[in-house]
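Enquirer: Supplied structure: work-v4.csv, CSV, C-alpha atoms.
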chain,number,residue,atom,x,y,z
A,14,LYS,CA,103.5,43.8,138.1
A,15,ASN,CA,102.3,45.0,134.7
A,16,GLU,CA,99.6,42.9,133.0
A,17,VAL,CA,101.6,43.0,129.8
A,18,GLU,CA,105.3,42.5,129.7
A,19,GLN,CA,107.5,42.8,126.6
A,20,SER,CA,111.1,41.6,126.1
A,21,PRO,CA,113.6,42.7,125.3
A,22,GLN,CA,113.1,46.4,126.0
A,23,ASN,CA,115.7,47.3,123.4
A,24,LEU,CA,117.1,45.3,120.5
A,25,THR,CA,119.9,46.1,118.0
A,26,ALA,CA,120.3,43.9,114.9
A,27,GLN,CA,122.3,43.9,111.7
A,28,GLU,CA,120.5,44.2,108.5
A,29,GLY,CA,119.3,40.8,107.4
A,30,GLU,CA,119.1,39.2,110.8
A,31,PHE,CA,116.0,37.4,112.2
A,32,ILE,CA,114.4,39.4,115.0
A,33,THR,CA,112.1,38.1,117.8
A,34,ILE,CA,110.1,40.2,120.2
A,35,ASN,CA,108.2,38.6,123.1
A,36,CYS,CA,105.0,39.5,124.9
A,37,SER,CA,103.7,37.8,128.0
A,38,TYR,CA,100.4,38.6,129.7
A,39,SER,CA,98.9,37.6,133.0
A,40,VAL,CA,95.1,37.7,132.3
A,41,GLY,CA,92.7,35.8,130.1
A,42,ILE,CA,92.3,37.7,126.8
A,43,SER,CA,90.1,37.6,123.8
A,44,ALA,CA,92.6,39.2,121.4
A,45,LEU,CA,96.2,40.4,121.2
A,46,HIS,CA,97.4,43.3,119.0
A,47,TRP,CA,100.9,44.1,117.7
A,48,LEU,CA,101.5,47.7,116.8
A,49,GLN,CA,104.4,49.6,115.3
A,50,GLN,CA,105.3,53.1,116.4
A,51,HIS,CA,107.6,55.1,114.0
A,52,PRO,CA,110.2,57.5,115.3
A,53,GLY,CA,107.9,60.4,114.5
A,54,GLY,CA,105.3,59.0,116.9
A,55,GLY,CA,102.7,57.6,114.4
A,56,ILE,CA,101.3,54.2,115.3
A,57,VAL,CA,100.2,51.5,112.8
A,58,SER,CA,98.4,48.3,113.7
A,59,LEU,CA,100.2,45.3,112.4
A,60,PHE,CA,98.2,42.3,113.6
A,61,MET,CA,95.2,41.3,115.7
A,62,LEU,CA,95.2,37.7,116.6
A,63,SER,CA,93.4,35.4,119.0
A,64,SER,CA,95.0,32.0,118.1
A,65,GLY,CA,97.7,30.5,115.9
A,66,LYS,CA,99.8,32.5,113.6
A,67,LYS,CA,99.5,35.4,111.1
A,68,LYS,CA,101.9,36.5,108.4
A,69,HIS,CA,102.2,39.7,106.5
A,70,GLY,CA,105.2,40.2,104.3
A,71,ARG,CA,108.3,39.7,106.5
A,72,LEU,CA,106.4,39.9,109.7
A,73,ILE,CA,105.0,36.9,111.5
A,74,ALA,CA,103.0,36.9,114.7
A,75,THR,CA,102.2,33.9,116.9
A,76,ILE,CA,100.2,33.4,120.0
A,77,ASN,CA,100.0,30.6,122.5
A,78,ILE,CA,96.8,31.1,124.6
A,79,GLN,CA,97.6,28.4,127.1
A,80,GLU,CA,101.1,29.9,127.9
A,81,LYS,CA,99.8,33.5,127.7
A,82,HIS,CA,102.6,34.4,125.3
A,83,SER,CA,102.9,35.9,121.9
A,84,SER,CA,105.9,36.6,119.6
A,85,LEU,CA,106.5,38.9,116.8
A,86,HIS,CA,109.2,37.9,114.3
A,87,ILE,CA,110.8,40.0,111.6
A,88,THR,CA,112.6,38.0,108.9
A,89,ALA,CA,115.4,39.5,106.8
A,90,SER,CA,115.4,42.7,108.9
A,91,HIS,CA,115.9,46.1,107.2
A,92,PRO,CA,116.8,49.5,108.6
A,93,ARG,CA,113.3,50.7,107.8
A,94,ASP,CA,112.0,48.2,110.4
A,95,SER,CA,113.6,50.4,113.1
A,96,ALA,CA,110.7,51.4,115.3
A,97,VAL,CA,109.1,50.6,118.7
A,98,TYR,CA,106.9,47.5,118.6
A,99,ILE,CA,104.0,47.4,121.1
A,100,CYS,CA,101.9,44.5,122.3
A,101,ALA,CA,98.4,45.2,123.5
A,102,VAL,CA,95.8,42.8,124.9
A,103,LYS,CA,92.0,42.9,125.1
A,104,ALA,CA,90.9,41.3,128.3
A,105,ALA,CA,87.5,41.8,130.1
A,106,GLY,CA,85.7,45.0,129.2
A,107,ASN,CA,86.3,47.0,126.1
A,108,LYS,CA,89.7,48.4,126.7
A,109,LEU,CA,93.2,47.5,125.5
A,110,THR,CA,96.1,47.1,127.9
A,111,PHE,CA,99.5,48.0,126.4
A,112,GLY,CA,103.0,46.7,127.0
A,113,GLY,CA,105.9,49.2,127.4
A,114,GLY,CA,107.2,48.5,123.9
A,115,THR,CA,110.4,47.1,122.4
A,116,ARG,CA,112.7,49.5,120.7
A,117,VAL,CA,114.3,47.9,117.6
A,118,LEU,CA,117.2,49.4,115.8
A,119,VAL,CA,118.4,47.7,112.6
A,120,LYS,CA,121.8,48.8,111.4
A,121,PRO,CA,122.8,48.7,107.7
B,22,ASP,CA,91.3,59.5,101.7
B,23,GLY,CA,90.0,57.9,104.9
B,24,GLY,CA,91.9,58.5,108.1
B,25,ILE,CA,92.2,60.1,111.5
B,26,THR,CA,93.7,63.5,112.0
B,27,GLN,CA,94.9,65.3,115.1
B,28,SER,CA,95.7,69.0,115.5
B,29,PRO,CA,97.9,70.7,116.4
B,30,LYS,CA,101.1,68.7,116.1
B,31,TYR,CA,102.6,70.7,119.0
B,32,LEU,CA,100.8,72.6,121.7
B,33,PHE,CA,102.1,74.8,124.4
B,34,ARG,CA,100.2,75.4,127.6
B,35,LYS,CA,100.7,78.0,130.2
B,36,GLU,CA,100.2,77.3,133.9
B,37,GLY,CA,96.5,77.3,134.8
B,38,GLN,CA,95.3,77.2,131.2
B,39,ASN,CA,92.9,74.8,129.7
B,40,VAL,CA,93.8,73.5,126.2
B,41,THR,CA,91.8,71.4,123.7
B,42,LEU,CA,93.3,68.8,121.4
B,43,SER,CA,91.4,68.0,118.2
B,44,CYS,CA,90.7,64.5,116.9
B,45,GLU,CA,88.7,63.9,113.7
B,46,GLN,CA,88.0,60.7,111.7
B,47,ASN,CA,86.2,60.1,108.4
B,48,LEU,CA,86.4,56.3,108.7
B,49,ASN,CA,82.8,56.1,110.0
B,50,HIS,CA,84.0,54.4,113.2
B,51,ASP,CA,81.8,54.2,116.2
B,52,ALA,CA,84.5,54.0,118.8
B,53,MET,CA,87.1,56.6,119.6
B,54,TYR,CA,89.9,56.7,122.2
B,55,TRP,CA,92.4,59.1,123.8
B,56,TYR,CA,95.7,57.8,125.0
B,57,ARG,CA,98.6,59.5,126.8
B,58,GLN,CA,102.2,58.3,126.2
B,59,ASP,CA,105.1,59.3,128.5
B,60,PRO,CA,108.7,58.5,127.6
B,61,GLY,CA,109.6,54.9,128.2
B,62,GLN,CA,106.0,54.0,129.2
B,63,GLY,CA,103.2,52.2,127.5
B,64,LEU,CA,100.1,53.9,126.3
B,65,ARG,CA,97.5,54.7,129.0
B,66,LEU,CA,93.8,55.2,128.2
B,67,ILE,CA,92.4,58.6,129.2
B,68,TYR,CA,88.8,58.4,127.9
B,69,TYR,CA,87.0,56.3,125.3
B,70,SER,CA,83.6,56.6,123.5
B,71,GLN,CA,81.7,53.7,122.0
B,72,ILE,CA,79.0,55.8,120.4
B,73,VAL,CA,77.9,59.4,119.9
B,74,ASN,CA,76.9,61.3,123.1
B,75,ASP,CA,78.5,58.6,125.3
B,76,PHE,CA,81.9,58.3,126.8
B,77,GLN,CA,83.7,56.5,129.7
B,78,LYS,CA,86.7,57.2,131.8
B,79,GLY,CA,89.8,55.3,131.2
B,80,ASP,CA,92.6,54.6,133.6
B,81,ILE,CA,93.9,58.2,134.0
B,82,ALA,CA,90.9,60.5,133.4
B,83,GLU,CA,91.6,62.9,136.2
B,84,GLY,CA,92.3,66.4,134.9
B,85,TYR,CA,90.9,65.7,131.4
B,86,SER,CA,87.4,66.1,129.8
B,87,VAL,CA,86.0,65.0,126.5
B,88,SER,CA,82.8,65.4,124.4
B,89,ARG,CA,81.3,63.3,121.6
B,90,GLU,CA,78.7,65.4,120.0
B,91,LYS,CA,79.5,64.1,116.5
B,92,LYS,CA,80.5,60.7,115.3
B,93,GLU,CA,83.6,62.1,113.5
B,94,SER,CA,84.9,64.2,116.4
B,95,PHE,CA,86.3,63.5,119.9
B,96,PRO,CA,88.1,66.5,121.3
B,97,LEU,CA,90.1,66.2,124.5
B,98,THR,CA,90.4,69.1,126.9
B,99,VAL,CA,93.4,69.2,129.3
B,100,THR,CA,92.3,71.2,132.2
B,101,SER,CA,94.3,73.1,134.8
B,102,ALA,CA,93.6,70.3,137.2
B,103,GLN,CA,96.0,68.1,135.3
B,104,LYS,CA,99.2,68.9,137.1
B,105,ASN,CA,101.6,67.0,134.8
B,106,PRO,CA,100.2,67.4,131.3
B,107,THR,CA,103.5,67.3,129.3
B,108,ALA,CA,103.2,64.2,127.2
B,109,PHE,CA,102.4,62.8,123.7
B,110,TYR,CA,98.7,62.4,123.2
B,111,LEU,CA,97.3,59.9,120.7
B,112,CYS,CA,93.8,59.6,119.4
B,113,ALA,CA,92.5,56.4,117.9
B,114,SER,CA,89.3,55.0,116.4
B,115,SER,CA,87.9,51.6,115.6
B,116,THR,CA,84.7,50.0,114.2
B,117,GLY,CA,83.9,48.7,117.7
B,118,THR,CA,85.7,48.5,121.0
B,119,GLY,CA,88.4,45.8,121.0
B,120,GLU,CA,88.7,45.8,117.3
B,121,THR,CA,91.8,47.0,115.4
B,122,GLN,CA,92.5,50.7,116.2
B,123,TYR,CA,93.6,53.3,113.8
B,124,PHE,CA,95.8,56.0,115.3
B,125,GLY,CA,96.2,59.6,114.5
B,126,PRO,CA,99.7,61.2,114.2
B,127,GLY,CA,99.6,62.5,117.8
B,128,THR,CA,99.9,65.9,119.5
B,129,ARG,CA,102.8,66.8,121.7
B,130,LEU,CA,101.8,69.0,124.6
B,131,LEU,CA,104.4,71.0,126.5
B,132,VAL,CA,103.9,73.2,129.5
B,133,LEU,CA,105.6,76.6,129.5
Output the file's structure in the form of structure tokens.
Expert:
Amino acid sequence: KNEVEQSPQNLTAQEGEFITINCSYSVGISALHWLQQHPGGGIVSLFMLSSGKKKHGRLIATINIQEKHSSLHITASHPRDSAVYICAVKAAGNKLTFGGGTRVLVKP
Amino acid sequence: DGGITQSPKYLFRKEGQNVTLSCEQNLNHDAMYWYRQDPGQGLRLIYYSQIVNDFQKGDIAEGYSVSREKKESFPLTVTSAQKNPTAFYLCASSTGTGETQYFGPGTRLLVL
């Protein structure tokens, strides 16, 4: 079993819809990261959080440490949000463990 | 412009050949990382370095080697011992391990 599981693996939405991506992990962590990978391969860090909620533009990330679960929400989705969204956790040691990613396609 | 660069964008390797992927950053970051990404899989850590002249093996280090002689540079050599090198390779850096990582654009390695 992977330490970091994301769901769904693939998601298709119509422009304007609210999107939720989930990340569950099985170990104690000190921080969780959400990353965005564009079709060309480049990766951008969206959030790093250890508790509560963070918001940046139309993106909202939440984490529940007790339930070992985080969600990434995209409000008013747009075709330019089409990308792979990756969850990664920092557990013991100095390394990140990555989920398999959620491929999001937003249709106009 | 601060950032992290990787070259080349595409690299072709013949059987039995060693190839070196370049990674340079001008962000003054202490930590640097190399990841491998295969289709449909998550990123896997090959090597990481927390400081100049020091590096540690990641989860899939076999068949790879690195050096960290300068703070800005962390080249990765894919040796002939790596039997399945075809993948997308990403380099990243951060101020410290566990902190937000900044990624390069990646190098796609193909075996001829």
Enquirer: Which chain B residues are at most 7 Å from chain A (counting only C-alpha atoms), as a list in words?
Expert: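 The contacting residues on chain B are Gly61, Gln62, Gly63, Leu64, Thr118, Gly119, Thr121, Gln122, Tyr123, Phe124, Gly125, Pro126 and Gly127 of chain B.
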Enquirer: What is the distance between atom CA of A:His82 and atom CA of B:Glu120, in Å to one decimal?
Expert: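 Distance between the two atoms: 19.7 Å.
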Enquirer: Would you give the centre and edge lengths, in Å to one decimal, of a box along x, y and z around the listed atoms of stretch 111-126 of chain B, with 5 Å added to each side, as JSON?
Expert:
{"center_x": 91.8, "center_y": 53.5, "center_z": 117.4, "size_x": 25.8, "size_y": 25.4, "size_z": 17.2}
Enquirer: Rounded to one decimal, what separation in Å do you get between atom CA of A:Ser84 and atom CA of A:Ser20?
Expert: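 So the answer is 9.7 Å.
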Enquirer: For A:Pro52, list every protein, DNA or RNA residue within 10 Å, evaluated using only C-alpha atoms, and leave out those in the same chain fewer than 6 positions away; present the list as a ChimeraX atom specification.
Expert: /A:95-97,116
Enquirer: In Å to one decimal, how far is atom CA of A:Thr75 from atom CA of A:Cys36?
Expert: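 If I compute the distance from atom CA of A:Cys36 to atom CA of A:Thr75, I get 10.2 Å.
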Enquirer: Between B:Gly84, B:Pro106, B:Pro60, B:Gly117, which one has atoms that come closest to B:Leu32, using all atoms listed in the file?
Expert: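 Comparing B:Gly84, B:Pro106, B:Pro60, B:Gly117 against B:Leu32, the winner is B:Pro106.
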Enquirer: Could you name the residues that touch A:Gln27 at 9 Å or less, counting only C-alpha atoms, but leaving out those on the same chain fewer than 5 positions away, as a PyMOL selection string?
Expert: chain A and resi 90-92+118-121
Enquirer: For A:Arg71, which residue among A:Ile32, A:Leu24, A:Glu16, A:Ile42 is the nearest when counting all atoms listed in the file?
Expert: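 Using all atoms listed in the file, A:Arg71 sits closest to A:Ile32.
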Enquirer: Give me the residues near B:Asn49 as an NGL selection string, where near means some atom within 12 Å (using all atoms listed in the file) and where sequence neighbours in that chain fewer than 4 positions away do not count.
Expert: :B and (23-25 or 45 or 53 or 72-73 or 91-94 or 114-117 or 123)
Enquirer: Limited to C-alpha atoms, could you put the picked residues into a file as a PDB file, in the frame of the given file?
Expert:
ATOM      1  CA  GLY B  23      90.000  57.900 104.900  1.00  0.00           C
ATOM      2  CA  GLY B  24      91.900  58.500 108.100  1.00  0.00           C
ATOM      3  CA  ILE B  25      92.200  60.100 111.500  1.00  0.00           C
ATOM      4  CA  GLU B  45      88.700  63.900 113.700  1.00  0.00           C
ATOM      5  CA  MET B  53      87.100  56.600 119.600  1.00  0.00           C
ATOM      6  CA  ILE B  72      79.000  55.800 120.400  1.00  0.00           C
ATOM      7  CA  VAL B  73      77.900  59.400 119.900  1.00  0.00           C
ATOM      8  CA  LYS B  91      79.500  64.100 116.500  1.00  0.00           C
ATOM      9  CA  LYS B  92      80.500  60.700 115.300  1.00  0.00           C
ATOM     10  CA  GLU B  93      83.600  62.100 113.500  1.00  0.00           C
ATOM     11  CA  SER B  94      84.900  64.200 116.400  1.00  0.00           C
ATOM     12  CA  SER B 114      89.300  55.000 116.400  1.00  0.00           C
ATOM     13  CA  SER B 115      87.900  51.600 115.600  1.00  0.00           C
ATOM     14  CA  THR B 116      84.700  50.000 114.200  1.00  0.00           C
ATOM     15  CA  GLY B 117      83.900  48.700 117.700  1.00  0.00           C
ATOM     16  CA  TYR B 123      93.600  53.300 113.800  1.00  0.00           C
TER      17      TYR B 123
END
Enquirer: Excluding same-chain residues fewer than 3 positions from A:Glu80, what lies within 10 Å of it counting all atoms listed in the file, as a PyMOL selection string?
Expert: chain A and resi 37-39+76-77+83
